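Report on one structure; see the data block that follows.
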Amino acid sequence: MVRVGLKRDILEMENRQATANRRYFDRRRIVAFNLIGSPGCGKTSLIEAAHRRFPKGFRLAVIEGDLASDKDARRLRKLKIPVVQVNTGRGCHLTPRMIAAAARKLPLEKAGLLIIENIGNLVCPVNFDLGETAKVGVLSVAEGDDKPEKYPLLFREASVLLLNKLDLLPGSDFSRRAFLAAVKKINPGLPVIEVSCRTGEGTREWAEWIKSQAEASRRKWEGNSGKAVR
Amino acid sequence: MLGPEFSRIIPENLWIFGNNPGMHELAIARNLLRQVLEVSEQEKLVRVRLVALKAGVLRQIVAETLSEAFAFLALGTVARGAKVRLAEIPARVRCRACGKEEEGFLASCPSCRSAEIELAAGRELFIDYIEGDRK
């Protein structure tokens with residue numbers, strides 16, 4: 001019997017593809033967000049809400065991940081958002097390979113902003129880097145204030161957290177204080193935007209956050225523009 | 001759990017469910033087997049007996065599910081019947097202010113009370129070593 005020491009990253013291949021995606025987006029100056037949250041937490045509604053808040057000329061494209069059906073994709077097409085549907089069948093997360101294929105079907109040069117709506121799930125999608133600029137965590141009031149402790153990695157890795165369905169707060173057992181304290185415990189610097197897609201509350205802040213990230217990326221690209229792109 | 005896509009077997013790259021990664025344990029098992037087979041070939045192993053992994057607690061990997069997925073995928077390869085052992089790495093934070101490290105998923109540094117902390121451990125995912133037989 002021999003022992004071969006390795007210390008090798010298991011997701012090496014996946015991560016390599018994610019890096020390739022990141023370079024692909026960077027070259028085309030595309031800001032990409034990976035939207036992660038449970039089924040029914042309002043991911044598609046948040047995309048619609050942001051789209052409505054964007055000024056004219058601010059275009060986005062969407063990769064819509066779903067186990068089955070194209071219901072969400074149809075909702076977005078109604079708003080004339082270019083969208084590619086990825087059905088994973090039984091797969092519980094999108095992989096960087098899927099994103100590489102889907103991105104090539106979108107008019108990304110015209111959009112500049114890509115939102116990837118991941119499969120509804122708080123565990124698996126967090127484990128797979130897609131090459132995004134930032135992960136956006138979504139949680140809804142209906143899911144309960146204890147979720148940060150149960151699914152810490154998402155709250156750790158996200159660049160922003162959207163607390164959706166704020167309109168359900170009255171009459172629910174959800175404690176904002178307990179929730180914000182739990183978030184702070186896991187990721188003290190994580191900005192939380194409280195939103196209700198139903199009433200529109202907070203959707204301006206959400207759209208503003210996206211714009212500020214796009215601005216930051218643009219500044220970075222302009223700063224690098226003298227140098228050759230990798 | 002096996003659907004019609006099971007017939008789409010592509011042995012060269014082991015994407016045996018086509019583009020379908022399954023639960024994250026299955027996707028991890030597939031990546032794992034690919035590497036184990038690669039290493040076995042380089043190291044001229046005729047049989048792999050043990051695959052020892054380390055995973056951070058934040059990865060939320062179910063060891064049994066991963067073992068089962070691996071056992072299934074490894075059928076017919078040199079890694080058939082290999083044991084998959086998963087050692088969990090606990091979360092640890094490092095204080096940016098005083099540099100101290102502390103086990104746990106803490107909000108602030110127990111020594112200096114600073115909230116400037118970063119995750120030092122808990123999200124690893126790697127193959128530690130494999131054991132097997134050479135001819």
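In the structure tokens, each chain is lettered A, B, ... as it comes, each chain's residues begin at 1, and ligands are numbered from 1 in order of appearance.
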
Residue set, chain B restricted to strand (DSSP E), as a PDB file with C-alpha atoms, in the first residue's frame:
ATOM      1  CA  LEU B  45      -1.716   2.756  -8.875  1.00  0.00           C
ATOM      2  CA  VAL B  46      -3.602  -0.335  -9.940  1.00  0.00           C
ATOM      3  CA  ARG B  47      -6.090   0.026  -7.146  1.00  0.00           C
ATOM      4  CA  VAL B  48      -7.174   2.914  -4.923  1.00  0.00           C
ATOM      5  CA  ARG B  49      -8.179   1.913  -1.389  1.00  0.00           C
ATOM      6  CA  LEU B  50      -8.726   5.169   0.403  1.00  0.00           C
ATOM      7  CA  VAL B  51      -9.491   8.735  -0.552  1.00  0.00           C
ATOM      8  CA  ALA B  52      -8.969  11.122   2.345  1.00  0.00           C
ATOM      9  CA  LEU B  53     -10.634  14.517   2.057  1.00  0.00           C
ATOM     10  CA  LYS B  54     -10.746  17.613   4.123  1.00  0.00           C
ATOM     11  CA  ALA B  55     -13.737  19.905   4.002  1.00  0.00           C
ATOM     12  CA  GLY B  56     -14.515  23.064   5.899  1.00  0.00           C
ATOM     13  CA  LYS B  83     -13.268   4.246   1.010  1.00  0.00           C
ATOM     14  CA  VAL B  84     -13.959   7.963   1.134  1.00  0.00           C
ATOM     15  CA  ARG B  85     -12.997   9.519   4.426  1.00  0.00           C
ATOM     16  CA  LEU B  86     -14.043  13.070   5.128  1.00  0.00           C
ATOM     17  CA  ALA B  87     -12.398  15.082   7.875  1.00  0.00           C
ATOM     18  CA  GLU B  88     -14.222  18.253   8.750  1.00  0.00           C
ATOM     19  CA  ILE B  89     -12.280  21.439   9.392  1.00  0.00           C
ATOM     20  CA  ARG B  92     -11.829  29.744  12.599  1.00  0.00           C
ATOM     21  CA  VAL B  93     -11.625  33.508  12.528  1.00  0.00           C
ATOM     22  CA  ARG B  94      -8.616  35.790  12.516  1.00  0.00           C
ATOM     23  CA  CYS B  95      -8.672  39.247  14.055  1.00  0.00           C
ATOM     24  CA  GLU B 101      -6.989  33.340  15.763  1.00  0.00           C
ATOM     25  CA  GLU B 102      -9.940  31.750  17.467  1.00  0.00           C
ATOM     26  CA  GLU B 103     -12.041  28.708  16.672  1.00  0.00           C
ATOM     27  CA  ILE B 117     -12.400  39.732  11.728  1.00  0.00           C
ATOM     28  CA  GLU B 118     -11.912  37.482   8.756  1.00  0.00           C
ATOM     29  CA  LEU B 119     -12.558  33.832   8.138  1.00  0.00           C
ATOM     30  CA  ALA B 120      -9.286  31.928   8.510  1.00  0.00           C
ATOM     31  CA  ALA B 121     -10.666  28.412   8.086  1.00  0.00           C
ATOM     32  CA  LEU B 125     -12.356  21.532   0.102  1.00  0.00           C
ATOM     33  CA  PHE B 126      -9.416  19.391  -0.917  1.00  0.00           C
ATOM     34  CA  ILE B 127      -8.041  15.887  -1.292  1.00  0.00           C
ATOM     35  CA  ASP B 128      -5.568  15.323   1.501  1.00  0.00           C
ATOM     36  CA  TYR B 129      -4.099  12.059   0.221  1.00  0.00           C
ATOM     37  CA  ILE B 130      -5.018   8.794  -1.406  1.00  0.00           C
ATOM     38  CA  GLU B 131      -3.870   5.304  -0.589  1.00  0.00           C
ATOM     39  CA  GLY B 132      -3.615   2.447  -2.999  1.00  0.00           C
ATOM     40  CA  ASP B 133      -1.607  -0.412  -4.446  1.00  0.00           C
ATOM     41  CA  ARG B 134       1.126  -0.362  -7.043  1.00  0.00           C
TER      42      ARG B 134
END

_Proximal residues of chain A relative to chain B (only C-alpha atoms; 9 Å) as a ChimeraX atom specification_ = /A:1-14,88-95,97-98,123-128,151-153,156,184-189

Print the selection's residues with N, CA, C and O atoms to a file, as a short mmCIF file (atom, residue, chain, number, x, y, z; two decimals), in the first residue's frame.
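part_30.cif, written as the output of this step:
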data_model
loop_
_atom_site.label_atom_id
_atom_site.label_comp_id
_atom_site.auth_asym_id
_atom_site.auth_seq_id
_atom_site.Cartn_x
_atom_site.Cartn_y
_atom_site.Cartn_z
N MET A 1 0.85 -1.21 0.00
CA MET A 1 0.00 0.00 0.00
C MET A 1 0.88 1.25 0.00
O MET A 1 1.83 1.35 0.76
N VAL A 2 0.56 2.19 -0.86
CA VAL A 2 1.30 3.45 -0.87
C VAL A 2 0.35 4.60 -0.59
O VAL A 2 -0.85 4.52 -0.88
N ARG A 3 0.91 5.64 0.00
CA ARG A 3 0.11 6.83 0.26
C ARG A 3 0.64 7.97 -0.62
O ARG A 3 1.85 8.21 -0.65
N VAL A 4 -0.26 8.61 -1.34
CA VAL A 4 0.14 9.75 -2.17
C VAL A 4 -0.49 11.01 -1.57
O VAL A 4 -1.71 11.16 -1.57
N GLY A 5 0.36 11.87 -1.05
CA GLY A 5 -0.14 13.13 -0.50
C GLY A 5 -0.51 14.08 -1.62
O GLY A 5 0.21 14.18 -2.61
N LEU A 6 -1.62 14.78 -1.48
CA LEU A 6 -2.06 15.61 -2.61
C LEU A 6 -2.31 17.06 -2.24
O LEU A 6 -1.82 17.97 -2.88
N LYS A 7 -3.16 17.28 -1.22
CA LYS A 7 -3.56 18.64 -0.86
C LYS A 7 -4.06 19.40 -2.10
O LYS A 7 -3.62 20.50 -2.38
N ARG A 8 -4.93 18.76 -2.83
CA ARG A 8 -5.37 19.33 -4.09
C ARG A 8 -6.84 19.73 -4.03
O ARG A 8 -7.68 18.98 -3.56
N ASP A 9 -7.13 20.91 -4.50
CA ASP A 9 -8.49 21.45 -4.52
C ASP A 9 -9.40 20.55 -5.35
O ASP A 9 -9.12 20.27 -6.51
N ILE A 10 -10.49 20.09 -4.76
CA ILE A 10 -11.37 19.16 -5.47
C ILE A 10 -12.08 19.85 -6.64
O ILE A 10 -12.32 19.26 -7.67
N LEU A 11 -12.41 21.11 -6.45
CA LEU A 11 -13.16 21.81 -7.49
C LEU A 11 -12.24 22.55 -8.46
O LEU A 11 -12.66 23.51 -9.10
N GLU A 12 -11.01 22.05 -8.58
CA GLU A 12 -10.02 22.66 -9.46
C GLU A 12 -10.56 22.97 -10.86
O GLU A 12 -10.44 24.09 -11.35
N MET A 13 -11.18 21.96 -11.47
CA MET A 13 -11.69 22.13 -12.84
C MET A 13 -12.79 23.19 -12.90
O MET A 13 -12.82 24.02 -13.80
N GLU A 14 -13.69 23.10 -11.93
CA GLU A 14 -14.81 24.06 -11.88
C GLU A 14 -14.26 25.47 -11.69
O GLU A 14 -14.70 26.41 -12.34
N THR A 88 -31.70 22.70 -15.35
CA THR A 88 -30.71 21.76 -14.83
C THR A 88 -31.29 20.38 -14.57
O THR A 88 -30.58 19.48 -14.15
N GLY A 89 -32.59 20.20 -14.81
CA GLY A 89 -33.20 18.91 -14.52
C GLY A 89 -33.19 18.67 -13.03
O GLY A 89 -33.90 19.32 -12.30
N ARG A 90 -32.34 17.75 -12.59
CA ARG A 90 -32.27 17.49 -11.15
C ARG A 90 -31.15 18.27 -10.47
O ARG A 90 -30.95 18.14 -9.27
N GLY A 91 -30.39 19.00 -11.23
CA GLY A 91 -29.24 19.69 -10.66
C GLY A 91 -29.67 20.82 -9.75
O GLY A 91 -30.58 21.57 -10.07
N CYS A 92 -28.99 20.95 -8.62
CA CYS A 92 -29.43 21.92 -7.63
C CYS A 92 -28.67 23.23 -7.70
O CYS A 92 -28.83 24.09 -6.86
N HIS A 93 -27.78 23.37 -8.67
CA HIS A 93 -27.01 24.61 -8.78
C HIS A 93 -26.56 24.78 -10.22
O HIS A 93 -26.56 23.83 -11.00
N LEU A 94 -26.20 26.00 -10.58
CA LEU A 94 -25.63 26.24 -11.90
C LEU A 94 -24.12 26.00 -11.82
O LEU A 94 -23.51 26.25 -10.78
N THR A 95 -23.54 25.50 -12.90
CA THR A 95 -22.09 25.29 -12.91
C THR A 95 -21.44 26.32 -13.84
O THR A 95 -22.10 26.86 -14.73
N ARG A 97 -19.57 25.87 -16.24
CA ARG A 97 -19.68 25.44 -17.64
C ARG A 97 -20.99 25.88 -18.27
O ARG A 97 -21.05 26.26 -19.43
N MET A 98 -22.06 25.76 -17.48
CA MET A 98 -23.37 26.18 -17.99
C MET A 98 -23.38 27.67 -18.29
O MET A 98 -23.97 28.11 -19.27
N VAL A 123 -27.71 26.21 -0.22
CA VAL A 123 -26.46 25.50 0.07
C VAL A 123 -25.59 25.32 -1.18
O VAL A 123 -24.51 25.88 -1.30
N CYS A 124 -26.10 24.51 -2.12
CA CYS A 124 -25.26 24.09 -3.25
C CYS A 124 -24.72 25.25 -4.08
O CYS A 124 -23.52 25.26 -4.38
N PRO A 125 -25.54 26.22 -4.49
CA PRO A 125 -25.02 27.26 -5.38
C PRO A 125 -23.83 28.02 -4.79
O PRO A 125 -22.99 28.51 -5.54
N VAL A 126 -23.78 28.10 -3.47
CA VAL A 126 -22.70 28.87 -2.85
C VAL A 126 -21.35 28.20 -3.05
O VAL A 126 -20.30 28.83 -3.02
N ASN A 127 -21.38 26.88 -3.27
CA ASN A 127 -20.14 26.13 -3.42
C ASN A 127 -19.50 26.27 -4.79
O ASN A 127 -18.37 25.83 -5.00
N PHE A 128 -20.23 26.84 -5.74
CA PHE A 128 -19.71 26.89 -7.10
C PHE A 128 -19.57 28.32 -7.59
O PHE A 128 -20.55 29.02 -7.83
N TYR A 151 -27.38 28.66 7.29
CA TYR A 151 -26.70 28.64 5.98
C TYR A 151 -25.62 29.70 5.94
O TYR A 151 -25.67 30.63 5.15
N PRO A 152 -24.62 29.57 6.82
CA PRO A 152 -23.67 30.67 7.00
C PRO A 152 -22.85 31.01 5.76
O PRO A 152 -22.51 32.17 5.57
N LEU A 153 -22.56 30.01 4.93
CA LEU A 153 -21.62 30.30 3.84
C LEU A 153 -22.18 31.36 2.88
O LEU A 153 -21.45 32.26 2.44
N ARG A 156 -21.77 34.64 4.30
CA ARG A 156 -20.36 34.97 4.35
C ARG A 156 -19.86 35.45 2.98
O ARG A 156 -19.07 36.37 2.87
N LYS A 184 -24.82 39.99 11.28
CA LYS A 184 -23.63 40.70 11.73
C LYS A 184 -22.60 39.75 12.32
O LYS A 184 -21.40 39.94 12.20
N LYS A 185 -23.13 38.71 12.96
CA LYS A 185 -22.27 37.74 13.58
C LYS A 185 -21.46 36.96 12.53
O LYS A 185 -20.32 36.57 12.76
N ILE A 186 -22.08 36.75 11.39
CA ILE A 186 -21.44 35.95 10.35
C ILE A 186 -20.58 36.81 9.43
O ILE A 186 -19.50 36.43 9.01
N ASN A 187 -21.11 37.98 9.11
CA ASN A 187 -20.41 38.85 8.17
C ASN A 187 -20.68 40.31 8.54
O ASN A 187 -21.59 40.93 8.02
N PRO A 188 -19.88 40.84 9.46
CA PRO A 188 -20.18 42.17 10.02
C PRO A 188 -20.27 43.27 8.96
O PRO A 188 -21.01 44.22 9.13
N GLY A 189 -19.55 43.12 7.85
CA GLY A 189 -19.53 44.20 6.86
C GLY A 189 -20.59 44.06 5.78
O GLY A 189 -20.62 44.85 4.84
#

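If you look at atom CA of Trp221 of chain A and atom CA of Arg52 of chain A, they are 26.6 Å away from each other.
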
What are the nearest atom pairs, with distances in Å to one decimal, for all residues of segment 29-139 of chain A that come at most 8 Å from segment 192-209 of chain A, using only C-alpha atoms, set out by chain and rising residue number as JSON lines?
{"residue": "A:Gly42", "atom": "CA", "partner": "A:Cys197", "partner_atom": "CA", "distance": 7.8}
{"residue": "A:Ser45", "atom": "CA", "partner": "A:Cys197", "partner_atom": "CA", "distance": 6.4}
{"residue": "A:Leu46", "atom": "CA", "partner": "A:Cys197", "partner_atom": "CA", "distance": 6.5}
{"residue": "A:Ala49", "atom": "CA", "partner": "A:Thr203", "partner_atom": "CA", "distance": 6.2}
{"residue": "A:Ala50", "atom": "CA", "partner": "A:Ala207", "partner_atom": "CA", "distance": 4.9}
{"residue": "A:His51", "atom": "CA", "partner": "A:Ala207", "partner_atom": "CA", "distance": 7.7}
{"residue": "A:Arg53", "atom": "CA", "partner": "A:Ala207", "partner_atom": "CA", "distance": 6.1}
{"residue": "A:Phe54", "atom": "CA", "partner": "A:Ala207", "partner_atom": "CA", "distance": 6.6}

_What's the separation between atom CA of Phe174 of chain A and atom CA of Ala158 of chain A, in Å to one decimal place?_
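These two atoms are separated by 21.4 Å.
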
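Those residues that approach segment 114-120 of chain A to within 6 Å, counting only C-alpha atoms, are Ala32, Phe33, Asn34, Leu35, Ile36, Gly37, Ser38, Pro39, Leu60, Ala61, Val62, Ile63, Glu64, Gly65, Asp66 and His93 of chain A; same-chain residues fewer than 4 positions away are not listed.
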
So that I have them on file, write out the residues from the current selection with N, CA, C and O atoms, as a PDB file, in the first residue's frame.
ATOM      1  N   ALA A  32     -21.248  41.009 -13.627  1.00  0.00           N
ATOM      2  CA  ALA A  32     -22.134  39.848 -13.493  1.00  0.00           C
ATOM      3  C   ALA A  32     -22.468  39.586 -12.028  1.00  0.00           C
ATOM      4  O   ALA A  32     -21.575  39.554 -11.183  1.00  0.00           O
ATOM      5  N   PHE A  33     -23.750  39.422 -11.757  1.00  0.00           N
ATOM      6  CA  PHE A  33     -24.189  39.119 -10.395  1.00  0.00           C
ATOM      7  C   PHE A  33     -24.790  37.730 -10.332  1.00  0.00           C
ATOM      8  O   PHE A  33     -25.542  37.339 -11.217  1.00  0.00           O
ATOM      9  N   ASN A  34     -24.467  37.022  -9.281  1.00  0.00           N
ATOM     10  CA  ASN A  34     -24.976  35.679  -9.061  1.00  0.00           C
ATOM     11  C   ASN A  34     -26.003  35.753  -7.927  1.00  0.00           C
ATOM     12  O   ASN A  34     -25.657  35.947  -6.766  1.00  0.00           O
ATOM     13  N   LEU A  35     -27.271  35.634  -8.294  1.00  0.00           N
ATOM     14  CA  LEU A  35     -28.371  35.808  -7.342  1.00  0.00           C
ATOM     15  C   LEU A  35     -28.711  34.471  -6.691  1.00  0.00           C
ATOM     16  O   LEU A  35     -29.138  33.540  -7.372  1.00  0.00           O
ATOM     17  N   ILE A  36     -28.519  34.378  -5.385  1.00  0.00           N
ATOM     18  CA  ILE A  36     -28.725  33.103  -4.686  1.00  0.00           C
ATOM     19  C   ILE A  36     -29.754  33.252  -3.571  1.00  0.00           C
ATOM     20  O   ILE A  36     -29.646  34.149  -2.729  1.00  0.00           O
ATOM     21  N   GLY A  37     -30.736  32.384  -3.570  1.00  0.00           N
ATOM     22  CA  GLY A  37     -31.770  32.391  -2.529  1.00  0.00           C
ATOM     23  C   GLY A  37     -32.692  31.193  -2.700  1.00  0.00           C
ATOM     24  O   GLY A  37     -32.601  30.469  -3.689  1.00  0.00           O
ATOM     25  N   SER A  38     -33.576  31.000  -1.726  1.00  0.00           N
ATOM     26  CA  SER A  38     -34.484  29.846  -1.743  1.00  0.00           C
ATOM     27  C   SER A  38     -35.517  29.952  -2.871  1.00  0.00           C
ATOM     28  O   SER A  38     -35.729  31.031  -3.395  1.00  0.00           O
ATOM     29  N   PRO A  39     -36.183  28.841  -3.183  1.00  0.00           N
ATOM     30  CA  PRO A  39     -37.308  28.930  -4.113  1.00  0.00           C
ATOM     31  C   PRO A  39     -38.377  29.849  -3.517  1.00  0.00           C
ATOM     32  O   PRO A  39     -38.711  29.714  -2.334  1.00  0.00           O
ATOM     33  N   LEU A  60     -29.752  45.278 -19.128  1.00  0.00           N
ATOM     34  CA  LEU A  60     -29.261  44.055 -18.507  1.00  0.00           C
ATOM     35  C   LEU A  60     -29.691  42.838 -19.293  1.00  0.00           C
ATOM     36  O   LEU A  60     -30.627  42.903 -20.110  1.00  0.00           O
ATOM     37  N   ALA A  61     -28.962  41.745 -19.074  1.00  0.00           N
ATOM     38  CA  ALA A  61     -29.313  40.447 -19.641  1.00  0.00           C
ATOM     39  C   ALA A  61     -29.339  39.461 -18.484  1.00  0.00           C
ATOM     40  O   ALA A  61     -28.728  39.700 -17.445  1.00  0.00           O
ATOM     41  N   VAL A  62     -30.091  38.387 -18.667  1.00  0.00           N
ATOM     42  CA  VAL A  62     -30.289  37.460 -17.556  1.00  0.00           C
ATOM     43  C   VAL A  62     -30.047  36.017 -17.993  1.00  0.00           C
ATOM     44  O   VAL A  62     -30.445  35.603 -19.083  1.00  0.00           O
ATOM     45  N   ILE A  63     -29.357  35.280 -17.140  1.00  0.00           N
ATOM     46  CA  ILE A  63     -29.312  33.820 -17.282  1.00  0.00           C
ATOM     47  C   ILE A  63     -30.196  33.267 -16.180  1.00  0.00           C
ATOM     48  O   ILE A  63     -29.977  33.536 -15.001  1.00  0.00           O
ATOM     49  N   GLU A  64     -31.192  32.549 -16.604  1.00  0.00           N
ATOM     50  CA  GLU A  64     -32.231  32.112 -15.688  1.00  0.00           C
ATOM     51  C   GLU A  64     -32.076  30.621 -15.439  1.00  0.00           C
ATOM     52  O   GLU A  64     -32.294  29.812 -16.340  1.00  0.00           O
ATOM     53  N   GLY A  65     -31.673  30.247 -14.231  1.00  0.00           N
ATOM     54  CA  GLY A  65     -31.523  28.836 -13.905  1.00  0.00           C
ATOM     55  C   GLY A  65     -32.789  28.305 -13.263  1.00  0.00           C
ATOM     56  O   GLY A  65     -33.369  28.955 -12.411  1.00  0.00           O
ATOM     57  N   ASP A  66     -33.193  27.145 -13.684  1.00  0.00           N
ATOM     58  CA  ASP A  66     -34.390  26.530 -13.117  1.00  0.00           C
ATOM     59  C   ASP A  66     -34.288  25.026 -13.268  1.00  0.00           C
ATOM     60  O   ASP A  66     -33.655  24.541 -14.193  1.00  0.00           O
ATOM     61  N   HIS A  93     -27.781  23.370  -8.671  1.00  0.00           N
ATOM     62  CA  HIS A  93     -27.014  24.609  -8.785  1.00  0.00           C
ATOM     63  C   HIS A  93     -26.563  24.779 -10.225  1.00  0.00           C
ATOM     64  O   HIS A  93     -26.557  23.828 -10.996  1.00  0.00           O
TER      65      HIS A  93
END

_Atom-to-atom span, atom CA of Arg59 of chain A and atom CA of Thr19 of chain A, Å_ =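 Taking atom CA of Arg59 of chain A and atom CA of Thr19 of chain A, their separation equals 24.3 Å.
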
*Apply DSSP to the structure's backbone, then extract all residues of segment 2-219 of chain A labelled alpha helix (DSSP H) and return them as an MDAnalysis selection string.*
chainID A and resid 12:27 43:53 71:78 96:103 108:111 147:150 152:157 176:186 203:219

*Between A:Glu132, A:Asp173, A:Glu143, A:Asp70, which one has atoms that come closest to Pro96 of chain A, using only C-alpha atoms?*
A:Glu132

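Across B:Thr77, B:Ser67, B:Gln42, B:Ser114, the tightest approach to Lys100 of chain B is made by B:Ser114 when counting only C-alpha atoms.
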
*If you count only C-alpha atoms, which residues fall within 12 Å of Val141 of chain A, apart from same-chain ones fewer than 5 positions away, as a VMD selection string?*
chain A and resid 38 40 to 42 146 to 147 162 to 176 179 194 to 196
